[in-house]
Structure formats: C-alpha cells, structure tokens
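Q: Before anything else, here's the structure in question.
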Protein chains: 2
Amino acid sequence: MMKTVKERLETLRKDMKKNGQNYIFFTTADSHMSEYVGECFKEREYFSGFTGSNGNLLVGDKDAYLWTDGRYFVQAEKELAGSGITLMKMGSSGVPTLFEFLEKTLESGDVLATDGRRISVTNGLKFEDVCKKNGALFDFSYALQDSLWTKRPMQEFGNVWTLDEKYSGESTENKIAKVFSEMEKKKATDFFLSKLDDIMWLFNLRGCDIKCNPVAYSYAHFSDGKILLFLKNGAYATEISDYFRRIGIETRDYETIDDYLKKQAEHTNEKRRILLDFSANGYSIYQAFSKLGEVENFENMTGLWKAVKNETEQNNLKNIYLKDSVALTKFICYIKQNYEKERITEASAAKKIDLLRQGIPEFIDLSFPTISAYGENAAMMHYEADENEDVILERGGIYLVDSGGQYHGGTTDVTRSLILGEVSPEVKKHFTLVCIGMLRLQNARFMSGCTGRNLDILARAPLWNEAMDYKCGTGHGIGYMLNVHEGPQNISWQKRENVAEAPLVPGMLVSDEPGVYVAGSHGIRTENILLCEKYAENEDGEFLCFHPLTLVPIDLDGILPEFMTTEDRRNLNEYHSKVYEELSPYLNDEEKNWLKNVTKAV
Amino acid sequence: MMKTVKERLETLRKDMKKNGQNYIFFTTADSHMSEYVGECFKEREYFSGFTGSNGNLLVGDKDAYLWTDGRYFVQAEKELAGSGITLMKMGSSGVPTLFEFLEKTLESGDVLATDGRRISVTNGLKFEDVCKKNGALFDFSYALQDSLWTKRPMQEFGNVWTLDEKYSGESTENKIAKVFSEMEKKKATDFFLSKLDDIMWLFNLRGCDIKCNPVAYSYAHFSDGKILLFLKNGAYATEISDYFRRIGIETRDYETIDDYLKKQAEHTNEKRRILLDFSANGYSIYQAFSKLGEVENFENMTGLWKAVKNETEQNNLKNIYLKDSVALTKFICYIKQNYEKERITEASAAKKIDLLRQGIPEFIDLSFPTISAYGENAAMMHYEADENEDVILERGGIYLVDSGGQYHGGTTDVTRSLILGEVSPEVKKHFTLVCIGMLRLQNARFMSGCTGRNLDILARAPLWNEAMDYKCGTGHGIGYMLNVHEGPQNISWQKRENVAEAPLVPGMLVSDEPGVYVAGSHGIRTENILLCEKYAENEDGEFLCFHPLTLVPIDLDGILPEFMTTEDRRNLNEYHSKVYEELSPYLNDEEKNWLKNVTKAV
C-alpha cells in the first residue's frame, strides 16, 4: 500500500510541476461537506492511504502533510508509515494548524490549488486570506483529472424514499413554512442548502447514497417563495415529484447544479440577500452567489430544528433503543460466555452483532461500520477490523465494540468494553474511571443555557484527577434515521473554531463516551446515548437533565468499587437495575439469569 | 431619598426637553472604565439612588430604566422602590438587554445623549449602531452640567508611590520592554492605556484615588519607542519623575489629557496603527485615535501579564493570606463566642474585623467596604451595613461577612457565613451544598487550556441537582495590591459577550464563592481564594490544580454530613486540618482550643 501511495504522489507531483502548482490540498469532504463520503470522493485517502473520517492532506513539491484529530493519531501513524507523509497531530502542543503552517511556508508566487467544491466556505476564505498575505495564488478551480486516479469509482445514486409522518412527526409543509418565516425574519431573499442530512430532514426524504448514512445527494434553493430541490433524475418515484409539486416544490436533476450555479453568478442583483452556512456549503457555491448578491454566513436553522427531536421521534427512539440494547446485550452475553469455548475473532464478532441487528424488524442498515477491536487495537478510536489480519478474542485483554444501526424509528450508537478473563489492576482502574465519568455526565442536572463545554468536565474529571486525558470530545449529537454524527450540540471542553456553541435543549440527543486509550496496550470506551429532558422549573430558571436511551450492562469484571464514591456506586446500581428491568422481558431464561448476575449491585 | 431622586430626574428632564434630548444614558464607569469609581463620577447613583457597582441607567422623557446583574437584584429593588425607575434584571428570561430595548424603543429623530468618556468603546459602537439602525442621533459629547448635580464632589487625587521590587518582583524596565516587543509583533505604532490597575502594574506605581483600590488616575501612551505617562501634577515626588525620565518615560499632567487627545485627532497618518482595548478605554479616546490612524481592538496584554502572579508576588501572597486568615479566624471565634453575651450588630462587627485587619503591620486599606449582613440582609450579595438601620446579630440566623484588605504583599478577599444558634434543616442543607461546591472546585484538577466556563459546574452542581442556582459568577480574578476584581480569567458557566475567555494559567488567582440567596430569608456564601498551580505533565499534556490561599474554618454548625459524599467529607476534613495546622501557631490558647474543636473531622 505504502509503495502505491508513494507512486501516486510521484505521478501527482509530475502533473503539479507541469501545471506550475506548488501545493495541492485534499480534504475529506464531498461537495456537501459530509463527514462520511462516497468512494468517488476519497481523493485524500487515495493519495495518503489514511482511511479516517477526518484528514487534511497538503501535497507540496517535495513534502506532504496530513492533519488529523486525536481519535486517529494511532491509526494515522500506522497507515502513513513509509508513505513519506508527515503526520500533523491536531491540537497537540507545538503542532501548527494547517493555516499556521501555510502562513509560515507559502512563498510569494507559489500556487496553491484545490477543488473549491470540496472545501467549506470558511476554509476557502482562509485559503484566500493566507495566500493573499503571503503573495501566493489560490486556484480553487482545480479538479482532479481521471488520469491521476485510475479506476476512480463513479458517484453512486440509490433509491430515494419519503418518510411517513408516523416516523417524521412533522409534515414537509410545516417545515418549509418555518424556513420561509425564518428567512423573512432575516430579511433574506435566498437560502441555499447543500447539507444532505438537513435536506433529508426538511423534505422528509431518505436515501442510501452514502454507506451507513441514509441520505441522497441533493441541493435545495429557497428563493422568493419558490423552492428548487435538486435530486438525481430517476432515483425517485414520480409520486414523490408529483406530491412535491402540489406543495410548491419543484424538483430538478442533481446533475444540473453546476450549470445552475453558473447562471446565478451571471446576474448581479443588489436586492438579493442570500443565507449560506459557511461551514456546510462548498466554497464554489459561495463564489457563485457572492456574484449574485449579498451573502450572509448563517448557521442553518434546519440543523437546530433537526437536532431537537419531536415527540413522535422521541417515542420511536425509545422503542428502537430498547430493541438495539437487547441485541447488544445478547451479543455481550454470547461473547462473555463463549470466547473461550469457540474461535471468536474481531471480524466474526462484528459479523455476529451486525446479524443480531439485522434481525430487528425495523433494521435498515448499520449506522457506521462496526468497530470490533481487541487488545491494543482498541486504542485506535475508529478501528475497523481487517479480515486479512484478523485477531482472536482471548483471555487477558479487553474487547471493545462500538456499533449502531439505522432503523425505521431511529439511529443508534453504543460502545461497550468487555473484560475477557483477568486484566491488570491498572487496566481495571482505567475501566472504572471511564465508567464513573460516563455515569456522572448521564446523571447531570444543569441550568438551561448550558452547552457541552460546561458539562464535559463531569465525564472527564475522574481521568484528569489521575493526570490522564482522552484526545477527543466526550460526545456528539446523533441523527434520527440520519447521520450518526450531527450538530450543533456536542460535549467537549474545548472551543471549536468558527463554530457557535449550541446550548442543550430538551429533545436533543448526545452521546456520552469517555475513554482511555493507551497506544500499544489497551483501549476502553463506554458510550451511552442520552436524551436531554426538562427536570424542573422555578424562580431560579429552567433545569435540564438526561434520560439514557441506551440500556446495556457495563462489565462489572472491570469495576473496582474502591475507586467509586457512594454516589458513583448508586449511579451504577440504579442504571443496572433499570437495564435489568427493561431488558429482561426480551431475553431467554439463560440470558436473563446471566443479566441478573452482571447487573447486581456493587 | 426616593423623593430626592424623583426631583433630580424632574430637573434633568426639564434640561433634556430644553436641549431636545429624548434619552440620557448614565453608567457606572469613570473615564478609565473602573469598576469602583470615585464619588465625583457617581452620576448614575445620583439620578437613581442605586448604589451597586454595576448599573446602567437610561432616562427617557417619561420613563427611566436601570439594568443591573444578579448580585444586585434584591438591593436594587429596595433602593429603586418609589423612584419610578423600572428595574431590568440582566440575564433574567424575557428581560431585554439595554441594546435590545433601545432597538425596540428608539424612534426616528430621537436624540440619545451620553458622556463619551464614560462609556467603553464597545458600548459606544453599539450605541452608534442602534441609533443608526433606528434613525436616531447619538450625541456622545454630553457632559453633565454642574447645575444638574448640585454639590457634585471634585475628583480626588492622593499621593502616588512606587512599588519596591521586593513587592513587584519585576522591574518597570522589564515590563515596558515586553510591551514594545508585543507592539512589534502586532506591527503597531501606538498602544494607549486607560485602565488604572494595568497602568499601576506596568509602572510599578500605586495610588489612593479610589476608595479601596490603590490606583492613581493616569493614562499611558506608547508610541514609536516613546512613553508618555499622564499623572496628576504634584501627586508624586520628583524622584519618581526623575527615575522615569532615566528609563525613558516622560510624565505629563493628567489634566492635559483632553487637549492631548484633541491634538491626536488633528492629524491623519495612515501609517499609524493604534492598539486599543475596546472594553477598557472610553469611546471618546477611540473617536480621537480613529481620526489619527487605524485603530485595532486589542485585549490588553498588560491585563494577562498582571493576572499571572510571579514568584515574588506568590510568596508575598501566601504570607499575607495567612495573616489575613488569622485575623478573620480570630473574628469568627469572637463572634461565635460572644454574640449572645454582648450587643453585636452588623456595623459593630464590621468595625471589629476592619480593626483586626488594621492591626496587621502590612495593612494599607480595606480591599472593599466590608459586607457584614445578618439574616435576610445577607441575601443581598453586595450589602453594606447602614449605621442608621443597624441590625443585631442574634440566635436563629446566619451572619455573612465578606471582607478583605489591601496589604504590602497582596490583596485579600474572603467570605464566611456563620450559623448563630439553631437554623432550619433547609438552611443547613443550603449551607452544606455551598460548602460542597466550594470544596469541589478548590480540589479540581484539570487540563491546561481550561477556562472558568469548563470548571464552573463543579461548584454549582450540588445546587443544580436541587434545582437551585445563584445568579452570578462563581469566581473572579484578584489583583495583587490592586483591585479586588480583575480579569481576564473568571469562573462562570455563561459566556460573556465581547469578552474573550481566558484559560487558567499557573500563577493566576481566582475566587471560589458559590452561594445561596433566598430573598427575604437568608443568604449563604463561602469564599476562598485559589492560586492556580501546575499539578502534572506527561504525554497527555499539562494538568493544573488549585492551592487555597484562604485558610479559615467553615462553620460545622451548618454542615449536614449526610448530604456529603465520602469525597466531599475528605475535602472538608483535609482543608480543616490544614487550617488548624497553619493558623494555630498564631492563636492564643483559648482560640487554639476553639479552632481545634471547629475543625474536627466530620
């Protein structure tokens, strides 16, 4: 693989030389700023070998650099080894950001090229800025030639289907009326959307164009009371376009978007005021609209609306999380009881849990490729088991499984770490600290207005007390029958650049997943999904709390109660008694007995 | 008093009518954006009767509105009663901010007048903006006529003195060299400072122009390698100006500043790039410099440098806090043992603790007027005892004392709440929750890079768990022989508008002062001052913790151990055993026995 990457870079550099380009920048996104992207968009992976979901690759005449975040440090080191690409660990002390690096490195007259459709407006403006500062040229019209990526896959389009109101809980008419009303408040004539999950939510559509993400490639343009929805011709039934036409939505072919944008840029109209989320649209779109009128950076209202699950969605979620929890609990029971009796590997275990999920009638797809990692592999936060280098689950290690499903009724995401046989007291201590932190956040009660930055320390303090940390956020939002990661809320102590902090609101989901990652040794993560709810309201204001949707036992074999306070033990025991109570009706006698035992009070 | 305020407003309104003004805005600041201001600057107090340290008064043709924050809600309600002024509770739901209010209220053609020297640049720009939006005129040249404030006091100037290096720990030469180097980095030609405590720190000066704040009225202008320091002529010894001259600092008369600024505005020089902290300079200064060249909003570097106490300062602080803690502990012993035997009142108790501080050889002044509050008076966070309405300390209530001193070697600030006789279980529970929160924050260990927004929940969670909250921050920075409140760090879960969050850094001080305030019933606050220190450094990064400088017992008569976790009890017992160990050498036998008993383990 590494030899291949080197060769690919060599070919690319020849082409760069021919075209007078000093740097080419590749990132992870597709034209919709998606986190997970279709195969045809994986240029960064093609030229680096790095498979993580977040990475920026800068290829220079001689050197190349890849920036990624703490979830992927271990994995990236492994995948980049031998490629000649320097790993830039984002957020580590002394490591410059991409733009700090460019500010130091770019020389006057240099040409920096990138595909303007694949970088956000925010980043495009930063490239503009740093190039201007250093006297370099920013060429955003770059498009990778087919000859440089032989056998590049085609963009894939699957069926598009509509979501019944018993699943969506709110009609498309209602949602689009809210958009227009918000545009009026903002005195905007136009609102353009590229973000696939936002478009899916808004039009009550679902697709299957990106693996594990039930979205369809699309764009939407609201302007002067009109709505244009760009969808791949032939991917949807005529009933859908007929219905849309009846409620004032005109469908256009997805493939015509580039021409459409070109046309927007042809006429200047000073009265047009275009709302565009700079973090969720391609820089090329901004370039087109900024010729038409005044473009305003605007955090998608759809993002916030989508994040706050309505009553229908909440009820469906509770039902689905229960079924998903039953499946995972059965899986855990199987692993714990059988790993010494039969040959279970990372890959076969992943297949097992995936099959259990597929047995749930509402199942549609996985919500992400199952992370099934034993021993030191679990130290890689987003590890994917490799059938060619399969690892056997055996005594004396920890097995981590992070998995979830897409169902009619919700998207799940859950992690458990299982203690197989005896592990060292140090590892047990780590396991206990992670458990304590997860439960403290789950049991938080807090003032309305708090954001994840206020709450993060609840999950992290047990580790910080021991001078340990995990290099990622504690939690993310989760879609409803949509992407497993969504905003705007998250749980993280650090400020995110250019991203407004979103207060937690009743109806929002967040994951709660502290961890310990010791490279070359072990990885531990325990993850529940929490639903934010109102807890009290009085003269001091409104108070919120969390309701755990995930109901799966936490392995008591890793718990050292002496590190827990009375409160921590109560947290664990109350959670476990709820787990037993809710799951036991769905288990057979053997599983029920097992669950009774593994949820006993400590 | 209320009658007087009404009459004053009437006179003011007559003058407004004559001059065609629809609104006059008065705030709390002097020309240096000081938090506590000299008597001559108290226009807002004169026209409202409200004596708190934070308040914005908007006087209209018919109505008047006063905005203040949660610390002052109870007090402001009391002080404004009958004045006809509407109290606007900042941060309460449904209450518009000053500028939201103006946006709704200002009509086209309205004239809004204010003294541009007394409002920050930030606010000046907001007034500009809202007036422009609504078609109103913003007149910032307003200066209150003497006839409208009869017997207005003169601005007071006291002696200015220099701080020896055994107190400052760093020479003036060093500090100013750092300023120039920072200006060079920012490619700035000018840097203008109005903030008094920053100027005092930078030039190692101290004064006594504002009660309890050892500062002297001054301005400083760094430009092209030159330094002008504006100080009141005659307020300092010629040795000081001679010394300053030798190190390249020219002193000018404070009274010439208006003329000096006028001259700056006369010439435009495109090459001049002026650094100005928009939150810490008057809007008039911005107006002058924006005519001269390009003005950049810039958070004072001096503010951050000043906040990080050097080794000399830290050592002096430890010594001073010990002496201050001894004085307060003796006071507490006296109150607890004598309030039933003799007549002790809020005012006499305040006098008593003030005298004890004055007995410390290093004493200079109080750091703020002692808050000595019994029973329901303690629900007012910044209550000041009134000799005319004195209240006797008696059984069955809580007595709160928040006090501190200015010393050669540091500035102190500490609060304790004393249980006198029996109080209800509910009050004891409140007392216990406050104590738990204070100690949890004090014992925090956290990642370098954390700000007060990350930590606040540690102090507040015990109350949030019970659906209670206090409507103010948990902690503030503290000056060194300077203002008792200083930035840039603080402990608060809420975002402050226009203020960058400052990460905690070893050497910084913060107060840790959660509380419970039940209007008409009781107030509880327990406050320690914490020094931020490094705790560990490893491959996960740098970890910080706090070292409590304050060593004063927390009243066990208010503690209900059943509400504390094992960890909370350990926090309390460890703190108390440290208090006993450190203080006992300075107490007489009777006090020592008493302290032994009140610091026993729970």
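Starting from 1 in every chain, residues are counted up; chains themselves are A, B, ... following the order of the structure tokens, and ligands are numbered from 1 as listed.
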Please identify the helix (DSSP H, G or I) residues within region 212-342 of chain A (assignment by DSSP from backbone atoms) and present them as a VMD selection string.
A: chain A and resid 238 to 246 254 to 264 283 to 292 301 to 307 311 to 338
Q: Give me, as a ChimeraX atom specification, all polymer residues having an atom no more than 8 Å from region 378-385 of chain B, counting only C-alpha atoms and skipping those fewer than 2 positions away in the same chain.
A: /B:52,71-75,346-347,369-376,387,389-390,398-400,516-524
Q: Please determine the contact residues of chain A with respect to chain B at a cut-off of 9 Å, counting only C-alpha atoms, and supply them as an MDAnalysis selection string.
A: chainID A and resid 92:93 444:447 449:451 453:458 460:461 464:471 493:494 535:543 565:567
Q: Kindly indicate which residue among A:Ala76, A:Met481, A:Val130, A:Met301 lies nearest to Leu317 (chain A), using only C-alpha atoms for the distances.
A: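 Looking at the shortest contact to Leu317 (chain A), the residue is A:Met481.
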Q: Would you return as a ChimeraX atom specification the members of region 478-584 of chain A that DSSP assigns to strand (DSSP E) on this structure's backbone?
A: /A:486-491,509-512,515-518,522-525,528-538,541-548
Q: Could you turn the residues from that selection into a file that holds N, CA and C atoms, as an mmCIF file, in the first residue's frame?
A:
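Result written to result-v8.cif:
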data_model
loop_
_atom_site.group_PDB
_atom_site.id
_atom_site.type_symbol
_atom_site.label_atom_id
_atom_site.label_comp_id
_atom_site.auth_asym_id
_atom_site.auth_seq_id
_atom_site.Cartn_x
_atom_site.Cartn_y
_atom_site.Cartn_z
ATOM 1 N N GLU A 486 -24.198 14.344 14.297
ATOM 2 C CA GLU A 486 -24.763 15.596 13.814
ATOM 3 C C GLU A 486 -24.640 16.664 14.881
ATOM 4 N N GLY A 487 -24.733 17.902 14.465
ATOM 5 C CA GLY A 487 -24.635 19.036 15.374
ATOM 6 C C GLY A 487 -26.004 19.595 15.607
ATOM 7 N N PRO A 488 -26.111 20.774 16.169
ATOM 8 C CA PRO A 488 -24.985 21.645 16.504
ATOM 9 C C PRO A 488 -24.404 21.372 17.890
ATOM 10 N N GLN A 489 -25.114 20.626 18.715
ATOM 11 C CA GLN A 489 -24.640 20.397 20.088
ATOM 12 C C GLN A 489 -23.521 19.366 20.108
ATOM 13 N N ASN A 490 -22.685 19.444 21.101
ATOM 14 C CA ASN A 490 -21.723 18.382 21.359
ATOM 15 C C ASN A 490 -21.265 18.500 22.812
ATOM 16 N N ILE A 491 -20.481 17.533 23.260
ATOM 17 C CA ILE A 491 -19.931 17.613 24.618
ATOM 18 C C ILE A 491 -18.416 17.625 24.476
ATOM 19 N N LEU A 509 -30.316 14.819 21.421
ATOM 20 C CA LEU A 509 -29.567 13.619 21.802
ATOM 21 C C LEU A 509 -28.080 13.964 21.867
ATOM 22 N N VAL A 510 -27.386 13.398 22.836
ATOM 23 C CA VAL A 510 -25.915 13.455 22.807
ATOM 24 C C VAL A 510 -25.357 12.097 23.203
ATOM 25 N N SER A 511 -24.200 11.801 22.658
ATOM 26 C CA SER A 511 -23.517 10.607 23.130
ATOM 27 C C SER A 511 -22.681 10.998 24.341
ATOM 28 N N ASP A 512 -22.386 10.019 25.174
ATOM 29 C CA ASP A 512 -21.627 10.222 26.408
ATOM 30 C C ASP A 512 -20.592 9.105 26.404
ATOM 31 N N GLY A 515 -13.237 7.796 27.484
ATOM 32 C CA GLY A 515 -12.421 6.609 27.218
ATOM 33 C C GLY A 515 -11.002 6.748 27.705
ATOM 34 N N VAL A 516 -10.306 5.629 27.692
ATOM 35 C CA VAL A 516 -8.863 5.615 27.964
ATOM 36 C C VAL A 516 -8.212 4.905 26.787
ATOM 37 N N TYR A 517 -7.185 5.527 26.222
ATOM 38 C CA TYR A 517 -6.514 4.943 25.059
ATOM 39 C C TYR A 517 -5.018 4.923 25.319
ATOM 40 N N VAL A 518 -4.466 3.766 25.521
ATOM 41 C CA VAL A 518 -3.036 3.638 25.756
ATOM 42 C C VAL A 518 -2.445 2.910 24.555
ATOM 43 N N HIS A 522 -3.966 -0.911 25.404
ATOM 44 C CA HIS A 522 -5.405 -1.178 25.500
ATOM 45 C C HIS A 522 -6.229 0.086 25.263
ATOM 46 N N GLY A 523 -7.472 -0.122 24.942
ATOM 47 C CA GLY A 523 -8.410 0.975 24.761
ATOM 48 C C GLY A 523 -9.713 0.622 25.450
ATOM 49 N N ILE A 524 -10.304 1.624 26.125
ATOM 50 C CA ILE A 524 -11.560 1.404 26.850
ATOM 51 C C ILE A 524 -12.489 2.548 26.489
ATOM 52 N N ARG A 525 -13.734 2.222 26.145
ATOM 53 C CA ARG A 525 -14.721 3.287 25.930
ATOM 54 C C ARG A 525 -16.063 2.740 26.365
ATOM 55 N N ASN A 528 -23.038 5.681 26.183
ATOM 56 C CA ASN A 528 -24.499 5.679 26.171
ATOM 57 C C ASN A 528 -24.993 6.864 25.354
ATOM 58 N N ILE A 529 -26.206 6.746 24.834
ATOM 59 C CA ILE A 529 -26.848 7.881 24.180
ATOM 60 C C ILE A 529 -27.888 8.451 25.143
ATOM 61 N N LEU A 530 -27.835 9.784 25.317
ATOM 62 C CA LEU A 530 -28.682 10.469 26.287
ATOM 63 C C LEU A 530 -29.662 11.398 25.579
ATOM 64 N N LEU A 531 -30.880 11.400 26.092
ATOM 65 C CA LEU A 531 -31.894 12.329 25.593
ATOM 66 C C LEU A 531 -32.031 13.448 26.609
ATOM 67 N N CYS A 532 -31.874 14.688 26.158
ATOM 68 C CA CYS A 532 -31.986 15.833 27.076
ATOM 69 C C CYS A 532 -33.455 16.086 27.395
ATOM 70 N N GLU A 533 -33.738 16.251 28.685
ATOM 71 C CA GLU A 533 -35.121 16.466 29.125
ATOM 72 C C GLU A 533 -35.182 17.599 30.152
ATOM 73 N N LYS A 534 -36.368 18.135 30.324
ATOM 74 C CA LYS A 534 -36.577 19.145 31.352
ATOM 75 C C LYS A 534 -36.704 18.448 32.693
ATOM 76 N N TYR A 535 -36.164 19.053 33.704
ATOM 77 C CA TYR A 535 -36.172 18.401 35.001
ATOM 78 C C TYR A 535 -36.928 19.231 36.046
ATOM 79 N N ALA A 536 -36.806 20.560 35.979
ATOM 80 C CA ALA A 536 -37.541 21.401 36.923
ATOM 81 C C ALA A 536 -37.603 22.812 36.376
ATOM 82 N N GLU A 537 -38.581 23.567 36.847
ATOM 83 C CA GLU A 537 -38.637 24.986 36.514
ATOM 84 C C GLU A 537 -39.172 25.720 37.728
ATOM 85 N N ASN A 538 -38.443 26.747 38.117
ATOM 86 C CA ASN A 538 -38.871 27.542 39.275
ATOM 87 C C ASN A 538 -38.321 28.956 39.153
ATOM 88 N N GLY A 541 -35.110 29.492 37.403
ATOM 89 C CA GLY A 541 -34.997 29.210 35.967
ATOM 90 C C GLY A 541 -35.382 27.790 35.627
ATOM 91 N N GLU A 542 -34.981 27.361 34.425
ATOM 92 C CA GLU A 542 -35.309 26.017 33.952
ATOM 93 C C GLU A 542 -34.091 25.113 34.104
ATOM 94 N N PHE A 543 -34.314 23.917 34.607
ATOM 95 C CA PHE A 543 -33.217 22.963 34.804
ATOM 96 C C PHE A 543 -33.428 21.736 33.924
ATOM 97 N N LEU A 544 -32.332 21.230 33.383
ATOM 98 C CA LEU A 544 -32.400 20.103 32.458
ATOM 99 C C LEU A 544 -31.659 18.892 33.007
ATOM 100 N N CYS A 545 -31.941 17.737 32.441
ATOM 101 C CA CYS A 545 -31.231 16.516 32.823
ATOM 102 C C CYS A 545 -31.209 15.587 31.610
ATOM 103 N N PHE A 546 -30.661 14.407 31.791
ATOM 104 C CA PHE A 546 -30.578 13.442 30.689
ATOM 105 C C PHE A 546 -31.347 12.169 31.031
ATOM 106 N N HIS A 547 -31.885 11.579 29.994
ATOM 107 C CA HIS A 547 -32.562 10.292 30.103
ATOM 108 C C HIS A 547 -31.761 9.324 29.231
ATOM 109 N N PRO A 548 -31.129 8.280 29.804
ATOM 110 C CA PRO A 548 -30.322 7.394 28.965
ATOM 111 C C PRO A 548 -31.200 6.505 28.093
#
Q: In Å, rounded to a single decimal, give me how far CA of Glu562 (chain B) is from CA of Pro425 (chain B).
A: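 Atom-to-atom, CA of Pro425 (chain B) and CA of Glu562 (chain B) are spaced 11.8 Å apart.
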Q: What is the distance, in Å and to one decimal place, between CA of Asn233 (chain A) and CA of Asp365 (chain A)?
A: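 A separation of 23.9 Å between them.
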Q: Quick one: residues within 6 Å of region 59-68 of chain B, only C-alpha atoms, excluding same-chain residues fewer than 6 positions away - as JSON, numbers by chain?
A: {"B": [22, 23, 24, 85, 86, 87, 88, 89, 90]}
Q: What does the file look like for those residues with N, CA and C atoms, as a short mmCIF file (atom, residue, chain, number, x, y, z; two decimals), in the first residue's frame?
A:
data_model
loop_
_atom_site.label_atom_id
_atom_site.label_comp_id
_atom_site.auth_asym_id
_atom_site.auth_seq_id
_atom_site.Cartn_x
_atom_site.Cartn_y
_atom_site.Cartn_z
N ASN B 22 -33.94 63.09 23.98
CA ASN B 22 -35.00 62.16 24.38
C ASN B 22 -34.53 61.16 25.42
N TYR B 23 -33.25 60.81 25.36
CA TYR B 23 -32.71 59.86 26.33
C TYR B 23 -31.34 60.32 26.78
N ILE B 24 -31.07 60.16 28.09
CA ILE B 24 -29.70 60.32 28.58
C ILE B 24 -29.30 58.98 29.19
N ILE B 85 -38.30 54.35 38.68
CA ILE B 85 -37.37 53.72 37.73
C ILE B 85 -37.67 52.23 37.65
N THR B 86 -37.76 51.69 36.43
CA THR B 86 -38.04 50.27 36.24
C THR B 86 -36.74 49.48 36.34
N LEU B 87 -36.74 48.43 37.17
CA LEU B 87 -35.55 47.58 37.29
C LEU B 87 -35.54 46.55 36.17
N MET B 88 -34.43 46.47 35.46
CA MET B 88 -34.27 45.49 34.39
C MET B 88 -33.25 44.47 34.87
N LYS B 89 -33.74 43.26 35.17
CA LYS B 89 -32.86 42.23 35.72
C LYS B 89 -32.07 41.56 34.61
N MET B 90 -30.80 41.90 34.50
CA MET B 90 -29.96 41.38 33.43
C MET B 90 -29.90 39.85 33.50
#
Q: Tell me which of A:Asn388, A:Ser241, A:Asn483, A:Asn498 sits closest to Asp197 (chain A), counting only C-alpha atoms.
A: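 Nearest to Asp197 (chain A): A:Asn483.
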Q: So that I can see what lies close to Lys195 (chain B), please list as a ChimeraX atom specification the residues with an atom at most 9 Å from it, counting only C-alpha atoms and leaving out residues fewer than 2 positions away in the same chain.
A: /B:31-34,193,197-200,218-219,280-281
Q: Separation of CA of Met508 (chain B) and CA of Tyr480 (chain B), in Å?
A: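 Between these atoms lies a distance of 10.4 Å.
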Q: Got a sec: who's within 8 Å of region 595-600 of chain B, counting only C-alpha atoms, leaving out chain neighbours fewer than 6 positions off, as a PyMOL selection string?
A: chain B and resi 333+553-556+573+576-577+579-580+584
Q: Could you save those same residues with C-alpha atoms as a CSV table (one decimal), in the first residue's frame?
A:
chain,number,residue,atom,x,y,z
B,333,CYS,CA,-14.1,33.0,67.2
B,553,PRO,CA,-12.7,27.4,59.2
B,554,ILE,CA,-16.1,26.7,57.6
B,555,ASP,CA,-18.8,26.7,60.2
B,556,LEU,CA,-19.5,23.0,61.1
B,573,ASN,CA,-11.6,17.4,56.7
B,576,HIS,CA,-9.8,21.9,58.1
B,577,SER,CA,-6.8,20.0,59.3
B,579,VAL,CA,-6.4,25.3,58.5
B,580,TYR,CA,-5.6,24.2,62.1
B,584,SER,CA,-2.7,27.5,65.4
